[in-house]
Structure formats: structure tokens, C-alpha cells
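Below is one structure, written out as C-alpha cells; the observations come after it.
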Amino acid sequence: MVKKKKVMTFQKAKKEAESDYVSSESKSFNLLSTVLKLLSDPRVRREVGGFFGKVMLFIEMIREYFRGNYTELPLKTITLIIAAVIYLVSPVDAIPDFIIGIGFVDDGAVVAYVFNSLSKDIDRFKTWKEGEEGLDLK
């Protein structure tokens, strides 16, 4: 009997983020390691090229949040960001990632949706980050 893999939806990713990741620094950092490993694959890098910068910003936001350096993120925001990253690393989602040329289209759509939905929180984070970097130069 062949076991059918369950398809990841954004709603499932959001529930997983809420129940397993938002309250766990170690699980969240393990998730970040997984996404960074995924993004180190040259084929994946080509596929996600258009939204790579957004994903890297999400990674940075999660890191700074859990390190306690930037705690201004509402729980809803950190949940949606983590959900987008969960969806990205899930190989079995709306369009399976192994389909060359289109496998990451749905992932890009999810990342773009979350990015656009959280534009104010993202802008505040970027402003904070620029201020922090300015302090490092002094």
C-alpha cells in the first residue's frame, strides 16, 4: 500500500506555525537551517530568484525576533512569516517543488502575499535594521 503524502496548504502551514514554531526558538531556528540548506541548492536558487530577497528578509526578521533584538513584531506577523517559510520548505504543496520551471510558483505567490500583507511591519523592521547598522559604523 502506497502512503499518500498530505499536501501542504498555507492554512496548514499557518496552524503549524502557531502550534509548533511561534513559541519555540529552537524549532524556528531549525526551520531557518532547513530553508537556508534548500536555498543553497543552485537549481532552487534559480527557481526562487524573483523572491529570494523577500525570503532572506523573512529569515532575518525571525532571527532578530527570537534573539530578542527586535520584539516589535506582532504575534500575527511572526506567525505569517513562519508559515510562509514552512510552506516554502514543504516539498509537497499546491505545485510540487520538483517540477522544474513551475515548482516554486506557488511558493513565490505565498511569499509575495505575506510580504504585501505585512508591508507596514516589514517597513518598520527595515527602518530599525538601518538604525542598527548605522550604530555599528560608529
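Just so we're on the same page: first chain in the C-alpha cells is A, next is B, and so on; residues restart at 1 for each chain, and ligands are numbered from 1 in the order they show up.
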Can you pull out every residue within 10 Å of Val44 of chain A, counting only C-alpha atoms, but drop anything in the same chain fewer than 4 positions away, and send it as a compact mmCIF listing (two decimals) with N, CA and C atoms, in the first residue's frame?
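Full text of selection_1.txt as output:
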```
# COMPACT_ATOMS: atom_id res chain seq x y z
N LEU A 38 17.99 24.51 1.74
CA LEU A 38 17.22 24.44 0.50
C LEU A 38 17.71 25.50 -0.48
N LEU A 39 17.90 26.71 0.00
CA LEU A 39 18.31 27.82 -0.85
C LEU A 39 19.77 27.73 -1.32
N SER A 40 20.53 26.85 -0.72
CA SER A 40 21.91 26.67 -1.15
C SER A 40 22.01 25.81 -2.42
N VAL A 48 13.78 30.29 -7.29
CA VAL A 48 13.21 31.28 -6.37
C VAL A 48 13.79 32.67 -6.58
N GLY A 49 14.58 32.83 -7.62
CA GLY A 49 15.29 34.09 -7.87
C GLY A 49 14.48 35.34 -7.64
N PHE A 52 13.80 35.62 -3.73
CA PHE A 52 14.89 35.26 -2.82
C PHE A 52 15.12 36.34 -1.76
N ASP A 97 7.51 21.02 -5.67
CA ASP A 97 8.73 21.77 -5.95
C ASP A 97 9.64 21.09 -6.98
N PHE A 98 9.51 19.80 -7.15
CA PHE A 98 10.40 19.10 -8.08
C PHE A 98 10.06 19.36 -9.55
N ILE A 100 10.37 21.26 -12.48
CA ILE A 100 11.29 22.31 -12.93
C ILE A 100 10.53 23.39 -13.71
N GLY A 103 7.69 24.67 -10.21
CA GLY A 103 7.54 24.09 -8.88
C GLY A 103 7.51 25.08 -7.74
N PHE A 104 8.12 26.24 -7.95
CA PHE A 104 8.16 27.23 -6.87
C PHE A 104 7.25 28.43 -7.14
```
List every residue of segment 5-94 of chain A that DSSP, applied to the backbone, labels as helix (DSSP H, G or I), and write the result as JSON, numbers by chain. {"A": [10, 11, 12, 13, 14, 15, 16, 17, 18, 19, 20, 21, 25, 26, 27, 28, 29, 30, 31, 32, 33, 34, 35, 36, 37, 38, 39, 42, 43, 44, 45, 46, 47, 49, 50, 51, 52, 53, 54, 55, 56, 57, 58, 59, 60, 61, 62, 63, 64, 65, 66, 75, 76, 77, 78, 79, 80, 81, 82, 83, 84, 85, 86, 87, 88, 89]}
Would you save the residues from that selection as a short mmCIF file (atom, residue, chain, number, x, y, z; two decimals), in the first residue's frame, using C-alpha atoms?
```
data_model
loop_
_atom_site.label_atom_id
_atom_site.label_comp_id
_atom_site.auth_asym_id
_atom_site.auth_seq_id
_atom_site.Cartn_x
_atom_site.Cartn_y
_atom_site.Cartn_z
CA PHE A 10 -0.94 27.82 3.54
CA GLN A 11 -3.67 27.29 6.17
CA LYS A 12 -1.90 24.13 7.38
CA ALA A 13 1.41 25.98 7.43
CA LYS A 14 -0.18 28.76 9.47
CA LYS A 15 -1.61 26.29 12.00
CA GLU A 16 1.77 24.56 12.24
CA ALA A 17 3.49 27.92 12.77
CA GLU A 18 1.03 28.80 15.54
CA SER A 19 1.22 25.47 17.34
CA ASP A 20 4.85 24.43 16.88
CA TYR A 21 7.10 27.35 15.96
CA GLU A 25 13.14 29.35 19.29
CA SER A 26 14.86 26.00 18.66
CA LYS A 27 12.19 24.77 16.23
CA SER A 28 12.20 28.11 14.45
CA PHE A 29 15.98 28.12 14.12
CA ASN A 30 15.86 24.52 12.83
CA LEU A 31 13.34 25.70 10.25
CA LEU A 32 15.70 28.51 9.23
CA SER A 33 18.53 25.99 8.82
CA THR A 34 16.27 23.91 6.59
CA VAL A 35 15.35 26.86 4.38
CA LEU A 36 18.97 28.01 4.11
CA LYS A 37 20.01 24.50 3.10
CA LEU A 38 17.22 24.44 0.50
CA LEU A 39 18.31 27.82 -0.85
CA PRO A 42 21.71 26.14 -7.28
CA ARG A 43 18.56 24.85 -9.00
CA VAL A 44 16.38 26.09 -6.17
CA ARG A 45 18.22 29.44 -6.16
CA ARG A 46 17.38 29.85 -9.86
CA GLU A 47 13.76 28.87 -9.28
CA GLY A 49 15.29 34.09 -7.87
CA GLY A 50 12.44 36.58 -8.00
CA PHE A 51 11.54 36.24 -4.34
CA PHE A 52 14.89 35.26 -2.82
CA GLY A 53 15.37 38.70 -1.21
CA LYS A 54 11.97 38.54 0.47
CA VAL A 55 12.74 35.10 1.93
CA MET A 56 16.11 36.31 3.22
CA LEU A 57 14.39 39.27 4.87
CA PHE A 58 11.87 36.88 6.48
CA ILE A 59 14.78 34.80 7.80
CA GLU A 60 16.40 37.90 9.25
CA MET A 61 13.15 39.01 10.87
CA ILE A 62 12.65 35.60 12.50
CA ARG A 63 16.24 35.56 13.78
CA GLU A 64 16.07 39.05 15.25
CA TYR A 65 12.70 38.33 16.84
CA PHE A 66 13.85 35.16 18.59
CA LEU A 75 2.35 37.66 17.01
CA LYS A 76 0.22 37.60 13.86
CA THR A 77 3.15 38.91 11.81
CA ILE A 78 5.71 36.42 13.08
CA THR A 79 3.15 33.63 12.58
CA LEU A 80 2.54 34.57 8.94
CA ILE A 81 6.25 34.90 8.22
CA ILE A 82 6.99 31.50 9.74
CA ALA A 83 4.03 29.99 7.84
CA ALA A 84 5.42 31.32 4.55
CA VAL A 85 8.80 29.75 5.33
CA ILE A 86 7.15 26.43 6.29
CA TYR A 87 5.25 26.47 3.00
CA LEU A 88 8.46 27.19 1.09
CA VAL A 89 10.34 24.22 2.56
#
```
request  = Tell me, in Å to one decimal, how far atom CA of Pro74 of chain A is from atom CA of Ser23 of chain A.
outcome  =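 According to the coordinates, atom CA of Pro74 of chain A and atom CA of Ser23 of chain A are separated by 13.0 Å.
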